[in-house]
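Report on one structure; see the data block that follows.
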Amino acid sequence: MTVHHLVSSFYGRVWNAGERAALDDLVTDDFRFQGSLGAPVIGRDAFWGMVSFVRGALSDYNCTIVTCVSEGDQAFARMRFAGTHSAAFRGHEPSGRRVEWQGAALFDFAGERIAALWVLSDTAALDAALAQKAD
């Protein structure tokens, strides 16, 4: 599996489709995740908790890869995240509005699996979108 296919599968199967079993195929047992939306997590189950929380608060959650470049055992992706604010999230009651923000993701690979992922996202833009009231 190429690096680009691995990154694409990770976002498509795990984040966009909510396929828990995909983690067994795509990430190492001790997968490490540090993102802007919560505390760092280690392991598939802890990471799945984060995915479930975000997907639960933002229905039809979707991650779009804007660009992805790789070198050696790392890849960097510029990302666009979006979803419908359908449950309490980041201190905001659900608005029913579509929210969108951007971020950057740095992947570290161990063989054909993702070993670590660091994501920095524009939480100021996300919080501003969450604060808007429904029309």
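Chain lettering (A, B, ...) mirrors the order of the structure tokens, residue numbering begins at 1 for each chain separately, and ligand numbering begins at 1 in order of display.
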Between region 12-86 of chain A and region 91-105 of chain A, at 10 Å or less, what are the per-residue closest atom pairs and their distances in Å? Count only C-alpha atoms, order by chain and rising residue number, and return it as a tab-separated table.
residue	atom	partner	partner_atom	distance
A:Gln34	CA	A:Ala105	CA	9.8
A:Gly35	CA	A:Ala105	CA	8.8
A:Ser36	CA	A:Gly103	CA	9.1
A:Ala57	CA	A:Pro94	CA	8.0
A:Leu58	CA	A:Val99	CA	8.4
A:Ser59	CA	A:Arg98	CA	9.2
A:Asp60	CA	A:Arg98	CA	9.4
A:Tyr61	CA	A:Val99	CA	9.5
A:Asn62	CA	A:Glu100	CA	9.4
A:Cys63	CA	A:Gln102	CA	9.4
A:Thr64	CA	A:Gln102	CA	9.4
A:Ile65	CA	A:Ala104	CA	9.6
A:Val66	CA	A:Gln102	CA	9.5
A:Thr67	CA	A:Ala104	CA	9.8
A:Cys68	CA	A:Ala105	CA	9.2
A:Ala75	CA	A:Ala105	CA	8.1
A:Phe76	CA	A:Ala105	CA	5.6
A:Ala77	CA	A:Ala105	CA	5.1
A:Arg78	CA	A:Ala104	CA	4.7
A:Met79	CA	A:Gly103	CA	5.1
A:Arg80	CA	A:Gln102	CA	4.5
A:Phe81	CA	A:Trp101	CA	5.4
A:Ala82	CA	A:Glu100	CA	4.2
A:Gly83	CA	A:Arg98	CA	5.6
A:Thr84	CA	A:Arg98	CA	4.3
A:His85	CA	A:Gly96	CA	5.1
A:Ser86	CA	A:Pro94	CA	4.9
### Message
So that I can check the surroundings of Asp108 (chain A), please list as a PyMOL selection string every protein, DNA and RNA residue that reaches within 8 Å of it, counting only C-alpha atoms and ignoring chain neighbours fewer than 6 positions away.
### Response
chain A and resi 73-75+114-117
Give me a file of those residues, with C-alpha atoms, as a compact mmCIF listing (two decimals), in the first residue's frame.
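Saved result, part-v1.txt, follows:
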# COMPACT_ATOMS: atom_id res chain seq x y z
CA ASP A 73 8.45 7.17 6.52
CA GLN A 74 6.48 10.41 6.89
CA ALA A 75 3.66 12.20 5.11
CA ILE A 114 0.49 4.49 10.66
CA ALA A 115 2.46 4.66 13.92
CA ALA A 116 1.74 8.25 14.92
CA LEU A 117 -0.31 11.22 13.81
#### Entry: Shortest interatomic distance to Gly18 (chain A) - which of A:Met50, A:Ala88, A:Val119, A:Val41, counting only C-alpha atoms
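Closest to Gly18 (chain A) of all the choices is A:Met50.
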### Message
Ranking A:Ala110, A:Val69, A:Ile42, A:Val51 by minimum distance to Leu26 (chain A) and counting only C-alpha atoms, which one comes first?
### Response
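Smallest separation from Leu26 (chain A) among the options: A:Ala110.
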### Message
According to DSSP computed on the backbone, where in region 52-107 of chain A is there alpha helix (DSSP H)? Give the residues as JSON, numbers by chain.
### Response
{"A": [52, 53, 54, 55, 56, 57]}
Mind writing the picked residues with C-alpha atoms as a compact mmCIF listing (two decimals), in the first residue's frame?
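The file below, out_25.txt, is the result:
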# COMPACT_ATOMS: atom_id res chain seq x y z
CA SER A 52 -16.59 8.45 17.99
CA PHE A 53 -16.84 11.62 20.08
CA VAL A 54 -16.12 13.93 17.13
CA ARG A 55 -18.37 12.01 14.72
CA GLY A 56 -21.14 12.04 17.34
CA ALA A 57 -20.99 15.81 17.79
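The two atoms in question, CA of Ala87 (chain A) and CA of Pro40 (chain A), are spaced 22.2 Å apart.
Each of A:Gly111, A:Ala128, A:Val14, A:Asp30 was checked against Trp48 (chain A) using only C-alpha atoms; the smallest atom-to-atom distance is that of A:Val14.
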### Query
Which parts of chain A does DSSP call strand (DSSP E or B) when run on the backbone here, written out as a ChimeraX atom specification?
/A:27-34,41-42,58-71,74-85,89,92,98-110,113-121
## Note on the structure
A straight line from CA of Ala22 (chain A) to CA of Phe10 (chain A) spans 7.6 Å
### Query
Pick the closest to Val3 (chain A) from A:Ala46, A:Ser70, A:Leu37, A:Phe31: which is it, counting only C-alpha atoms?
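Closest candidate: A:Ser70.
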